[in-house]
Amino acid sequence: MNEKVKFEKDYNKVISLDNLLEAWKEFSRGKKQKKDVQIFQMNLMDNIFSLHNDLLNHTYKYGGYQAFNISDPKPRNIHKATVRDRLLHHAIYRKLYPFFDKTFIADSYSCRLDKGTHKSINRFRKFAYIISKNNAKTCWILKCDIKKFFASIDHKILLGILARYIPNKKILWLLGEVISSFTSPRPLLEKERRINVGLPLGNLTSQLFVNIYMNEFDQFIKHKLKVKYYIRYADDFVIFSENKEWLKDLIPEIKRFLYERLKLELHPDKLFIETLYSGVDFLGWVNFFDHRILRTTTKRRMMKRIKENSAPKTLDSYLGLLKHGNAEKLQSRIIRKRFI
């Protein structure tokens, strides 16, 4: 990481009426039928002026969250902020994302423009070809997952990372207000009781904050451990090597850095060193050398959703997903449903 790189935008640029209006256009797209959005829009300019004045005068107060549960595929607790606060998230994101995205490594794929799951699994296949010498050698893959990722993000550490990039105290104050608006409902690490931890899954800013947080780990992997073949998507990451013992030796160093620097832990039940011959589960696909197939749970979830909603747009989106792997039978089933 280049410590000399600084976010030079002024606080007034972040909270400007122009930025808030542009943020509203982005936020409200596709949400015009939502009741809370309609209510906010009825007095749009008054609401935007009110938010701008609160931010200008440092009297802004966060509006709280509405909690609800989803299963995607495992149970998750989502916290939805008010329209006013979500508008602010978009305004912050519009200014911060372009700057921070330039600081991230190329092989971080979650919640970034021109990245995503498809490019990530294609990169996975490319690394597998390189390490295996086109399937002439064994390719070993270390696969890890962070335990209770969003719920374990330490506010103090996150703000410290942000402060290294952002010299503007007013912007840091604003980011602190957003970050401190939520804490996880219970302590998460057995070794240490911490209170100010956790980011809500429902916030747009949370997606950026976790990438900024994990960029510390990415830089450690690339520049300290000198790992060349590494991919991270949110809290899932893989490292490729022809040497199994070398991968084993990395695990203690990875654990130490994650805990000592970021107060994170690897999930003990989701840590594997596997070969492509046996298939490596990554981002919903089980990857082999020359093909990939959908994970069984992913397939079941897909068919359940199709049963609940078989609109052409929904079916087309799943067909788009399936073209990235070997799923001809499943594609045929969906195509028949699409045109019957």
# chains A, B, ... in the order shown; residues from 1 in each chain; ligands from 1
call {"tool": "closest_atom_pairs", "arguments": {"of": "region 88-134 of chain A", "to": "region 149-167 of chain A", "cutoff": "10 Å", "atoms": "only C-alpha atoms", "output": "JSON lines"}}
result
{"residue": "A:Leu96", "atom": "CA", "partner": "A:Ile166", "partner_atom": "CA", "distance": 9.8}
{"residue": "A:Phe99", "atom": "CA", "partner": "A:Tyr165", "partner_atom": "CA", "distance": 9.7}
{"residue": "A:Phe100", "atom": "CA", "partner": "A:Tyr165", "partner_atom": "CA", "distance": 8.9}
call {"tool": "write_last_selection", "arguments": {"atoms": "N, CA and C atoms", "output": "PDB file, in the first residue's frame"}}
result
ATOM      1  N   LEU A  96     -16.201   8.176  -2.300  1.00  0.00           N
ATOM      2  CA  LEU A  96     -15.120   7.356  -1.751  1.00  0.00           C
ATOM      3  C   LEU A  96     -14.742   6.181  -2.639  1.00  0.00           C
ATOM      4  N   PHE A  99     -11.922   6.463  -5.379  1.00  0.00           N
ATOM      5  CA  PHE A  99     -10.589   6.617  -4.791  1.00  0.00           C
ATOM      6  C   PHE A  99     -10.083   5.281  -4.244  1.00  0.00           C
ATOM      7  N   PHE A 100     -10.885   4.641  -3.381  1.00  0.00           N
ATOM      8  CA  PHE A 100     -10.402   3.425  -2.717  1.00  0.00           C
ATOM      9  C   PHE A 100     -10.248   2.258  -3.677  1.00  0.00           C
TER      10      PHE A 100
END
call {"tool": "select_by_dssp", "arguments": {"residues": "region 117-296 of chain A", "states": "alpha helix (DSSP H)", "output": "count of residues only"}}
result
73
call {"tool": "select_by_dssp", "arguments": {"residues": "region 1-213 of chain A", "states": "strand (DSSP E or B)", "output": "ChimeraX atom specification"}}
result
/A:65-71,75-81,108,140-146,154,197
call {"tool": "write_last_selection", "arguments": {"atoms": "N, CA, C and O atoms", "output": "short mmCIF file (atom, residue, chain, number, x, y, z; two decimals), in the first residue's frame"}}
result
data_model
loop_
_atom_site.label_atom_id
_atom_site.label_comp_id
_atom_site.auth_asym_id
_atom_site.auth_seq_id
_atom_site.Cartn_x
_atom_site.Cartn_y
_atom_site.Cartn_z
N TYR A 65 -32.38 1.39 12.48
CA TYR A 65 -32.51 0.32 11.51
C TYR A 65 -33.78 -0.49 11.72
O TYR A 65 -34.29 -0.60 12.84
N GLN A 66 -34.25 -1.05 10.62
CA GLN A 66 -35.33 -2.04 10.66
C GLN A 66 -34.69 -3.39 10.36
O GLN A 66 -34.08 -3.58 9.30
N ALA A 67 -34.84 -4.34 11.27
CA ALA A 67 -34.20 -5.65 11.12
C ALA A 67 -35.17 -6.67 10.55
O ALA A 67 -36.35 -6.68 10.88
N PHE A 68 -34.65 -7.53 9.67
CA PHE A 68 -35.44 -8.66 9.18
C PHE A 68 -34.49 -9.76 8.74
O PHE A 68 -33.29 -9.53 8.55
N ASN A 69 -35.01 -10.97 8.61
CA ASN A 69 -34.19 -12.13 8.28
C ASN A 69 -34.45 -12.62 6.86
O ASN A 69 -35.57 -12.53 6.36
N ILE A 70 -33.39 -13.10 6.23
CA ILE A 70 -33.51 -13.74 4.92
C ILE A 70 -32.75 -15.06 4.96
O ILE A 70 -31.96 -15.31 5.88
N SER A 71 -32.96 -15.91 3.95
CA SER A 71 -32.18 -17.13 3.80
C SER A 71 -31.58 -17.12 2.40
O SER A 71 -32.31 -17.30 1.41
N PRO A 75 -29.36 -18.55 6.84
CA PRO A 75 -30.07 -17.44 7.49
C PRO A 75 -29.15 -16.24 7.72
O PRO A 75 -28.02 -16.40 8.17
N ARG A 76 -29.64 -15.06 7.36
CA ARG A 76 -28.89 -13.83 7.57
C ARG A 76 -29.81 -12.77 8.16
O ARG A 76 -30.99 -12.71 7.81
N ASN A 77 -29.23 -11.97 9.03
CA ASN A 77 -29.98 -10.87 9.64
C ASN A 77 -29.62 -9.58 8.91
O ASN A 77 -28.47 -9.13 8.94
N ILE A 78 -30.61 -9.00 8.21
CA ILE A 78 -30.39 -7.77 7.44
C ILE A 78 -30.91 -6.58 8.23
O ILE A 78 -31.98 -6.65 8.86
N HIS A 79 -30.18 -5.48 8.21
CA HIS A 79 -30.61 -4.25 8.88
C HIS A 79 -30.76 -3.16 7.83
O HIS A 79 -29.80 -2.79 7.15
N LYS A 80 -31.99 -2.67 7.71
CA LYS A 80 -32.33 -1.69 6.68
C LYS A 80 -32.42 -0.30 7.32
O LYS A 80 -33.18 -0.07 8.26
N ALA A 81 -31.63 0.63 6.79
CA ALA A 81 -31.63 2.00 7.30
C ALA A 81 -32.80 2.78 6.71
O ALA A 81 -33.47 2.34 5.78
N SER A 108 -9.16 -8.87 -5.99
CA SER A 108 -10.27 -8.72 -5.05
C SER A 108 -11.51 -8.45 -5.90
O SER A 108 -11.54 -7.49 -6.67
N TRP A 140 -2.71 -27.67 -5.86
CA TRP A 140 -3.28 -27.62 -4.51
C TRP A 140 -3.88 -26.24 -4.28
O TRP A 140 -3.32 -25.23 -4.70
N ILE A 141 -5.01 -26.22 -3.59
CA ILE A 141 -5.70 -24.96 -3.33
C ILE A 141 -6.08 -24.87 -1.86
O ILE A 141 -6.79 -25.74 -1.33
N LEU A 142 -5.59 -23.81 -1.22
CA LEU A 142 -5.99 -23.51 0.16
C LEU A 142 -7.23 -22.63 0.10
O LEU A 142 -7.22 -21.57 -0.52
N LYS A 143 -8.31 -23.08 0.70
CA LYS A 143 -9.57 -22.35 0.69
C LYS A 143 -9.94 -21.98 2.13
O LYS A 143 -9.96 -22.84 3.01
N CYS A 144 -10.24 -20.69 2.36
CA CYS A 144 -10.54 -20.20 3.71
C CYS A 144 -11.77 -19.30 3.69
O CYS A 144 -12.14 -18.73 2.66
N ASP A 145 -12.36 -19.15 4.86
CA ASP A 145 -13.55 -18.33 5.04
C ASP A 145 -13.42 -17.64 6.39
O ASP A 145 -12.98 -18.26 7.37
N ILE A 146 -13.80 -16.36 6.46
CA ILE A 146 -13.73 -15.61 7.72
C ILE A 146 -14.98 -15.91 8.57
O ILE A 146 -16.10 -15.88 8.07
N ASP A 154 -14.11 -4.57 13.39
CA ASP A 154 -13.83 -3.73 14.56
C ASP A 154 -13.87 -2.25 14.15
O ASP A 154 -13.12 -1.82 13.28
N VAL A 197 -18.26 -3.50 17.45
CA VAL A 197 -17.93 -4.32 16.29
C VAL A 197 -19.18 -4.50 15.44
O VAL A 197 -20.31 -4.38 15.91
#
call {"tool": "residues_around", "arguments": {"residues": "region 244-249 of chain A", "least_positions_apart": "2", "cutoff": "10 Å", "atoms": "only C-alpha atoms", "output": "ChimeraX atom specification"}}
result
/A:138-143,239-242,251-254,272-275
call {"tool": "atom_distance", "arguments": {"atom1": "CA of Arg292 (chain A)", "atom2": "CA of Tyr229 (chain A)"}}
result
19.3 Å
call {"tool": "residues_around", "arguments": {"residues": "Asp85 (chain A)", "least_positions_apart": "4", "cutoff": "8 Å", "atoms": "only C-alpha atoms", "output": "list of chain:residue names"}}
result
A:Tyr62, A:Gly63, A:Ala81, A:His89
call {"tool": "write_last_selection", "arguments": {"atoms": "all heavy atoms", "output": "mmCIF file, in the first residue's frame"}}
result
data_model
loop_
_atom_site.group_PDB
_atom_site.id
_atom_site.type_symbol
_atom_site.label_atom_id
_atom_site.label_comp_id
_atom_site.auth_asym_id
_atom_site.auth_seq_id
_atom_site.Cartn_x
_atom_site.Cartn_y
_atom_site.Cartn_z
ATOM 1 N N TYR A 62 -28.165 9.627 13.083
ATOM 2 C CA TYR A 62 -28.591 8.448 12.341
ATOM 3 C C TYR A 62 -29.996 8.031 12.776
ATOM 4 O O TYR A 62 -30.366 8.161 13.935
ATOM 5 C CB TYR A 62 -27.608 7.306 12.577
ATOM 6 C CG TYR A 62 -27.456 6.401 11.377
ATOM 7 C CD1 TYR A 62 -26.581 6.710 10.353
ATOM 8 C CD2 TYR A 62 -28.217 5.247 11.265
ATOM 9 C CE1 TYR A 62 -26.448 5.886 9.244
ATOM 10 C CE2 TYR A 62 -28.095 4.415 10.169
ATOM 11 C CZ TYR A 62 -27.213 4.736 9.157
ATOM 12 O OH TYR A 62 -27.103 3.919 8.066
ATOM 13 N N GLY A 63 -30.764 7.511 11.828
ATOM 14 C CA GLY A 63 -32.178 7.221 12.079
ATOM 15 C C GLY A 63 -32.516 5.826 12.552
ATOM 16 O O GLY A 63 -33.693 5.487 12.686
ATOM 17 N N ALA A 81 -31.628 0.630 6.792
ATOM 18 C CA ALA A 81 -31.628 2.002 7.301
ATOM 19 C C ALA A 81 -32.799 2.783 6.712
ATOM 20 O O ALA A 81 -33.471 2.338 5.777
ATOM 21 C CB ALA A 81 -30.307 2.682 6.953
ATOM 22 N N HIS A 89 -25.667 7.200 2.406
ATOM 23 C CA HIS A 89 -24.724 6.134 2.043
ATOM 24 C C HIS A 89 -24.303 6.262 0.581
ATOM 25 O O HIS A 89 -23.118 6.130 0.253
ATOM 26 C CB HIS A 89 -25.357 4.754 2.248
ATOM 27 C CG HIS A 89 -25.713 4.451 3.657
ATOM 28 N ND1 HIS A 89 -26.581 3.435 4.008
ATOM 29 C CD2 HIS A 89 -25.333 5.025 4.828
ATOM 30 C CE1 HIS A 89 -26.710 3.401 5.315
ATOM 31 N NE2 HIS A 89 -25.972 4.348 5.834
#
call {"tool": "closest_residue", "arguments": {"among": "A:Asn243, A:Asn215, A:Ser50, A:Ser120", "to": "Leu258 (chain A)", "atoms": "only C-alpha atoms"}}
result
A:Asn215
call {"tool": "atom_distance", "arguments": {"atom1": "CA of Lys34 (chain A)", "atom2": "CA of Tyr97 (chain A)"}}
result
26.3 Å
call {"tool": "atom_distance", "arguments": {"atom1": "CA of Leu21 (chain A)", "atom2": "CA of Phe104 (chain A)"}}
result
28.0 Å
call {"tool": "residues_around", "arguments": {"residues": "Glu26 (chain A)", "least_positions_apart": "2", "cutoff": "12 Å", "atoms": "only C-alpha atoms", "output": "ChimeraX atom specification"}}
result
/A:19-24,28-32,86-91,93-94,204
